[in-house]
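Chemist: This is the structure, below, for whatever I ask next.
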Amino acid sequence: MDIFNKCMSWDEIKKLRANDTYPYFMPIQEKRGPEVIVQNQNMIMLGANDYLGLSGDARLTQGAVEAMQRYGTSTCGSRFLSGTLPLHLELETQLAEFLNRESAIVFSTGYQMNLGVISAILGRNDVAIVDRQVHASIVDGVQLASCKLLRFRHNDMNDLEAKLNAAPKGAGKLIIVDGVFSMEGDIADLKAIAALKQQYNARLLVDDAHGIGVLGPNGRGTGEHLGVESEIDLITGTFSKSFGSLGGFVAGDTDIIDYIQHWGRSMIFSTSMTPASAAASLKALEIIRLEPELRSTLKEHTQNMLTGLQKLGFDTGHSETPIIPIHVRGELKTFLFWNKLMKAGIYTNPVISPAVQEGCEIIRTSLMATHTPEQLDLTLHIFEQIGRELELIGG
Ligand code: PMP
């Protein structure tokens with residue numbers, strides 16, 4: 001049996017390409033804030049995780065350029081050996097201070113962070129108790145850890161409790177959730193999770209990739225937003241969203257961070273964050289701390305879009321964040337909707353199974369503080385037209 005047979009007979013993607021509805025790996029030819037050029041067409045970007053619009057901020061670019069001039073384009077080494085720069089250490093100190101934690105460490109990406117943190121902390125006899133809709137990197141981290149995996153129904157506290165009860169007696173238990181769920185923008189019920197964590201003597205890891213910089217009066221994320229920061233044992237995130245850069249991080253008590261730093265294989269066996277990414281992340285952190293108005297603008301945009309879409313009759317699920325899903329339900333219709341939006345100059349992401357459950361297909365939109373009210377009004381207008389055409393909304 002040739003292991004390549006499956007590749008040659010796999011035709012799903014070929015069919016999408018033939019219908020001109022293939023939505024992936026499309027190059028962004030130019031980027032000017034929330035406006036991009038794709039397929040030679042001007043578009044409003046509603047598909048990036050650049051919530052504060054910092055990836056286009058001149059101060060980040062300046063920081064990155066200065067770091068490259070001083071340290072070059074790559075460290076060409078792992079953090080463990082020759083790849084640690086003062087920039088990494090400064091970023092870790094600043095991040096720990098910002099998040100009110102004893103220590104923090106940074107990884108080259110958020111994906112690697114989840115692999116490293118989870119596989120360092122959990123062993124063969126431990127149990128990971130994980131929300132069904134967490135990011136794929138968490139599931140991959142659990143697989144690497146070779147521990148037992150118990151998945152509970154999304155944000156369902158009864159099922160979480162059932163899984164806590166189902167864990168073998170005496171096993172170490174780590175509850176893992178996203179703070180803000182990446183596809184549908186809803187928020188984990190951290191208050192109830194914290195209570196169960198106490199009751200069942202478990203630990204709690206919150207991946208707040210989409211919450212930090214966005215939620216909470218100071219931008220410290222979902223824990224701050226819900227007033228439960230002290231119940232979170234490990235808070236993790238990424239620099240590739242509200243920070244407009246690249247890299248992952250974890251923050252917590254020094255002993256735990258020190259352990260992860262020496263047992264997290266994705267840190268030890270991989271080259272460290274580039275000088276440019278580390279410097280851009282540091283600059284972004286400074287802006288996140290000093291410019292809360294970015295967060296307030298984003299919050300206003302979120303409120304306006306949620307209200308606007310709901311008034312038109314779209315189903316936006318339980319989103320309370322700049323990630324706003326439009327429930328389409330049906331793969332074909334989702335691709336059709338996405339395609340019509342593209343042609344009308346609105347860049348969104350079609351999300352199908354396995355990223356969401358089959359039958360729960362969505363158009364995922366995400367807002368940026370740098371969108372203008374005019375861009376968002378135009379977006380609503382186009383959504384209305386296409387929504388009616390496809391009979392997703394009435395009239
Ligand atoms: N965690 C969550 C919740 C995410 O949404 C993502 C990326 N979408 C990651 C981790 C991975 O982060 P990165 O893109 O920096 O690898």
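Quick note on naming: the chains in the structure tokens go A, B, ... in the order shown, residues restart at 1 in each chain, and ligands are numbered from 1 in order of appearance.
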I'd like the contact shell of stretch 52-67 of chain A - 9 Å cut-off, only C-alpha atoms, skipping same-chain residues fewer than 2 positions apart - returned as a ChimeraX atom specification.
Modeler: /A:31-34,49-50,69-73,87,213-214,240-245,275-284,287-288,294-295,298,367-371
Chemist: Taking only C-alpha atoms and all ligand atoms into account, list the residues no farther than 7 Å from ligand 1, as a list in words.
Modeler: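 The residues within 7 Å of ligand 1, counting only C-alpha atoms and all ligand atoms, are Thr109, Gly110, Tyr111, Gln112, Asn114, Val134, His135, Ser137, Asp178, Phe181, Ser182, Asp207, Asp208, Ala209, His210, Gly237, Thr238, Phe239, Ser240, Leu246, Gly247 and Gly248 of chain A.
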Chemist: Show me, as a PyMOL selection string, the residues that have an atom within 8 Å of stretch 256-268 of chain A when counting only C-alpha atoms, minus same-chain residues fewer than 5 positions from it.
Modeler: chain A and resi 78-80+103-105+107-108+112-113+115-117+119-121+250-251
Chemist: So, with only C-alpha atoms as the atoms that count, which of A:Ile323, A:Ala96, A:Leu290, A:Leu336 lies closest to A:Gly185?
Modeler: A:Ile323
Chemist: For the atom pair atom CA of A:Tyr51 and atom CA of A:Gln375, what is the interatomic distance in Å to one decimal place?
Modeler: 15.2 Å
Chemist: Go through A:Asn218, A:Arg153, A:Phe249, A:Asn100 one by one, measure the shortest atom-to-atom distance of each to A:Ile232 using only C-alpha atoms, and give the residue with the smallest value.
Modeler: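 Among the listed residues, the smallest separation from A:Ile232 belongs to A:Asn100.
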Chemist: DSSP on the backbone: which residues in stretch 211-367 of chain A end up as strand (DSSP E)? Give the answer as a list in words.
Modeler: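 The strand (DSSP E) residues within stretch 211-367 of chain A come out as Leu234, Ile235, Thr236, Gly237, Thr238, Gly248, Phe249, Val250, Ala251, Gly252, Ile323, Ile324, Pro325, Ile326, His327, Ile346, Tyr347, Asn349, Pro350, Val351, Ile362, Ile363, Arg364, Thr365 and Ser366 of chain A.
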Chemist: How about saving the chosen residues, N, CA and C atoms kept, as a compact mmCIF listing (two decimals), in the first residue's frame?
Modeler:
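Contents of result.txt, freshly written:
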# COMPACT_ATOMS: atom_id res chain seq x y z
N LEU A 234 -2.53 29.12 35.86
CA LEU A 234 -1.62 29.45 34.75
C LEU A 234 -2.42 30.21 33.71
N ILE A 235 -1.92 31.39 33.35
CA ILE A 235 -2.59 32.14 32.29
C ILE A 235 -1.66 32.14 31.09
N THR A 236 -2.23 31.78 29.93
CA THR A 236 -1.39 31.70 28.73
C THR A 236 -1.99 32.56 27.64
N GLY A 237 -1.18 32.86 26.65
CA GLY A 237 -1.69 33.68 25.55
C GLY A 237 -0.70 33.72 24.41
N THR A 238 -0.99 34.61 23.48
CA THR A 238 -0.14 34.73 22.30
C THR A 238 0.04 36.19 21.93
N GLY A 248 4.27 33.17 21.89
CA GLY A 248 3.31 32.73 22.90
C GLY A 248 3.89 32.97 24.28
N PHE A 249 3.05 32.89 25.31
CA PHE A 249 3.57 33.09 26.66
C PHE A 249 2.72 32.38 27.70
N VAL A 250 3.36 32.13 28.86
CA VAL A 250 2.64 31.59 30.01
C VAL A 250 3.12 32.35 31.24
N ALA A 251 2.17 32.63 32.16
CA ALA A 251 2.54 33.34 33.38
C ALA A 251 1.92 32.62 34.58
N GLY A 252 2.65 32.63 35.70
CA GLY A 252 2.17 31.97 36.92
C GLY A 252 3.20 32.08 38.02
N ILE A 323 -14.86 38.95 18.40
CA ILE A 323 -15.06 37.80 17.49
C ILE A 323 -16.56 37.60 17.38
N ILE A 324 -17.10 37.88 16.20
CA ILE A 324 -18.56 37.76 16.03
C ILE A 324 -18.85 36.72 14.94
N PRO A 325 -19.47 35.60 15.32
CA PRO A 325 -19.81 34.59 14.32
C PRO A 325 -21.19 34.90 13.72
N ILE A 326 -21.35 34.59 12.47
CA ILE A 326 -22.69 34.64 11.87
C ILE A 326 -23.03 33.19 11.57
N HIS A 327 -24.05 32.68 12.25
CA HIS A 327 -24.41 31.28 12.08
C HIS A 327 -25.13 31.09 10.76
N ILE A 346 -15.63 42.37 1.30
CA ILE A 346 -15.54 42.12 2.75
C ILE A 346 -14.80 40.80 2.97
N TYR A 347 -13.66 40.88 3.65
CA TYR A 347 -12.86 39.68 3.92
C TYR A 347 -13.30 39.05 5.24
N ASN A 349 -13.85 34.89 7.34
CA ASN A 349 -13.39 33.50 7.30
C ASN A 349 -14.56 32.52 7.40
N PRO A 350 -14.68 31.61 6.44
CA PRO A 350 -15.71 30.58 6.56
C PRO A 350 -15.18 29.48 7.50
N VAL A 351 -15.97 29.08 8.46
CA VAL A 351 -15.49 28.07 9.41
C VAL A 351 -16.42 26.86 9.38
N ILE A 362 -20.13 28.55 10.36
CA ILE A 362 -20.28 30.00 10.58
C ILE A 362 -19.39 30.79 9.62
N ILE A 363 -19.76 32.07 9.48
CA ILE A 363 -18.83 33.05 8.94
C ILE A 363 -18.24 33.73 10.18
N ARG A 364 -16.92 33.63 10.33
CA ARG A 364 -16.30 34.25 11.51
C ARG A 364 -15.81 35.65 11.14
N THR A 365 -16.29 36.64 11.88
CA THR A 365 -15.77 37.99 11.68
C THR A 365 -15.04 38.42 12.93
N SER A 366 -14.06 39.29 12.77
CA SER A 366 -13.37 39.83 13.96
C SER A 366 -13.06 41.30 13.71
Chemist: List the spatial neighbours of A:Ala171 as a tab-separated table (two decimals) with N, CA and C atoms, in the first residue's frame - criterion: any atom at most 6 Å away, only C-alpha atoms, same-chain residues fewer than 2 positions off excluded.
Modeler:
chain	number	residue	atom	x	y	z
A	126	ASP	N	-1.81	11.71	34.95
A	126	ASP	CA	-2.65	12.88	35.22
A	126	ASP	C	-3.83	12.93	34.26
A	168	PRO	N	-9.78	9.40	37.70
A	168	PRO	CA	-9.37	8.37	38.67
A	168	PRO	C	-8.98	9.01	40.00
A	169	LYS	N	-9.32	8.33	41.08
A	169	LYS	CA	-9.00	8.84	42.43
A	169	LYS	C	-7.49	9.10	42.56
Chemist: Quick one, how far is atom CA of A:Leu150 from atom CA of A:Asn201?
Modeler: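 Interatomic distance, atom CA of A:Leu150 to atom CA of A:Asn201: 16.3 Å.
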Chemist: Please provide the set of residues having any atom within 7 Å of stretch 21-28 of chain A, restricted to only C-alpha atoms, with same-chain residues fewer than 4 positions apart removed, written as a PyMOL selection string.
Modeler: chain A and resi 16-17+36-38+335+339
Chemist: Go ahead and save the picked residues with C-alpha atoms, as a PDB file, in the first residue's frame.
Modeler:
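The resulting file, selection_22.pdb, is reproduced below:
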ATOM      1  CA  LEU A  16     -13.812  23.724  -4.211  1.00  0.00           C
ATOM      2  CA  ARG A  17     -11.097  25.068  -6.496  1.00  0.00           C
ATOM      3  CA  VAL A  36      -6.255  44.991   2.458  1.00  0.00           C
ATOM      4  CA  ILE A  37      -5.803  44.080  -1.177  1.00  0.00           C
ATOM      5  CA  VAL A  38      -6.654  40.486  -2.044  1.00  0.00           C
ATOM      6  CA  PHE A 335     -18.958  28.988   1.286  1.00  0.00           C
ATOM      7  CA  ASN A 339     -17.764  34.048  -1.673  1.00  0.00           C
TER       8      ASN A 339
END
Chemist: Leaving out A:Leu226 and any residue of its chain fewer than 2 positions from it, which residues lie within 10 Å of it when counting only C-alpha atoms, given as a PDB file with C-alpha atoms, in the first residue's frame?
Modeler:
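Everything below was put into out_30.pdb:
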ATOM      1  CA  ILE A 187     -16.540  33.627  27.162  1.00  0.00           C
ATOM      2  CA  ALA A 188     -15.726  30.737  29.526  1.00  0.00           C
ATOM      3  CA  ASP A 189     -17.809  30.603  32.692  1.00  0.00           C
ATOM      4  CA  LEU A 190     -14.700  31.135  34.802  1.00  0.00           C
ATOM      5  CA  LYS A 191     -16.572  31.855  38.051  1.00  0.00           C
ATOM      6  CA  LEU A 215     -11.073  42.358  27.985  1.00  0.00           C
ATOM      7  CA  GLY A 216     -10.908  43.765  31.496  1.00  0.00           C
ATOM      8  CA  GLY A 221      -8.167  39.449  29.939  1.00  0.00           C
ATOM      9  CA  THR A 222     -11.122  37.255  30.790  1.00  0.00           C
ATOM     10  CA  GLY A 223     -10.044  36.684  34.414  1.00  0.00           C
ATOM     11  CA  GLU A 224      -9.935  40.420  35.063  1.00  0.00           C
ATOM     12  CA  VAL A 228     -11.510  35.749  39.061  1.00  0.00           C
ATOM     13  CA  GLU A 229      -7.854  36.302  38.197  1.00  0.00           C
TER      14      GLU A 229
END
Chemist: Go through A:Ala136, A:Met1, A:Leu332, A:Leu81 one by one, measure the shortest atom-to-atom distance of each to A:Phe269 using only C-alpha atoms, and give the residue with the smallest value.
Modeler: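 Ranking A:Ala136, A:Met1, A:Leu332, A:Leu81 by distance to A:Phe269, first place goes to A:Leu81.
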Chemist: Please, what distance in Å, to one decimal, runs between atom CA of A:Gly345 and atom CA of A:Glu374?
Modeler: 14.0 Å
Chemist: Which one is closest to A:Asn125: A:Leu196, A:Val139, A:Leu174, A:Leu89? Count only C-alpha atoms.
Modeler: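 Among the listed residues, A:Leu174 lies closest to A:Asn125.
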Chemist: Have a look at A:Leu122, A:Ile3, A:Leu164, A:Leu392 and name the one nearest to A:Gln199; count only C-alpha atoms.
Modeler: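 The shortest atom-to-atom distance to A:Gln199 comes from A:Leu164.
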Chemist: Residues of stretch 226-331 of chain A that have any atom at most 9 Å from an atom of stretch 376-380 of chain A: could you tabulate them with the shortest-distance atom pair and the distance in Å to one decimal, using only C-alpha atoms, ordered by chain and increasing number, as CSV?
Modeler:
residue,atom,partner,partner_atom,distance
A:His301,CA,A:Leu376,CA,8.0
A:Asn304,CA,A:Leu376,CA,8.7
A:Met305,CA,A:Leu376,CA,7.3
A:Gly308,CA,A:Leu380,CA,6.9
A:Leu309,CA,A:Leu380,CA,6.8
A:Leu312,CA,A:Leu380,CA,8.6
Chemist: Once you have the residues from the selection above, write them out as a PDB file, in the first residue's frame, restricted to N, CA and C atoms.
Modeler:
ATOM      1  N   HIS A 301     -17.199  49.364  18.986  1.00  0.00           N
ATOM      2  CA  HIS A 301     -17.399  48.691  17.684  1.00  0.00           C
ATOM      3  C   HIS A 301     -18.137  47.364  17.885  1.00  0.00           C
ATOM      4  N   ASN A 304     -21.784  47.919  18.662  1.00  0.00           N
ATOM      5  CA  ASN A 304     -22.518  48.394  17.481  1.00  0.00           C
ATOM      6  C   ASN A 304     -22.733  47.282  16.456  1.00  0.00           C
ATOM      7  N   MET A 305     -21.703  46.473  16.238  1.00  0.00           N
ATOM      8  CA  MET A 305     -21.840  45.397  15.238  1.00  0.00           C
ATOM      9  C   MET A 305     -22.797  44.313  15.727  1.00  0.00           C
ATOM     10  N   GLY A 308     -26.228  45.751  15.439  1.00  0.00           N
ATOM     11  CA  GLY A 308     -26.579  45.907  14.023  1.00  0.00           C
ATOM     12  C   GLY A 308     -26.923  44.583  13.376  1.00  0.00           C
ATOM     13  N   LEU A 309     -26.079  43.586  13.594  1.00  0.00           N
ATOM     14  CA  LEU A 309     -26.306  42.277  12.960  1.00  0.00           C
ATOM     15  C   LEU A 309     -27.567  41.620  13.515  1.00  0.00           C
ATOM     16  N   LEU A 312     -30.722  43.081  12.152  1.00  0.00           N
ATOM     17  CA  LEU A 312     -30.999  42.612  10.794  1.00  0.00           C
ATOM     18  C   LEU A 312     -31.560  41.189  10.798  1.00  0.00           C
TER      19      LEU A 312
END
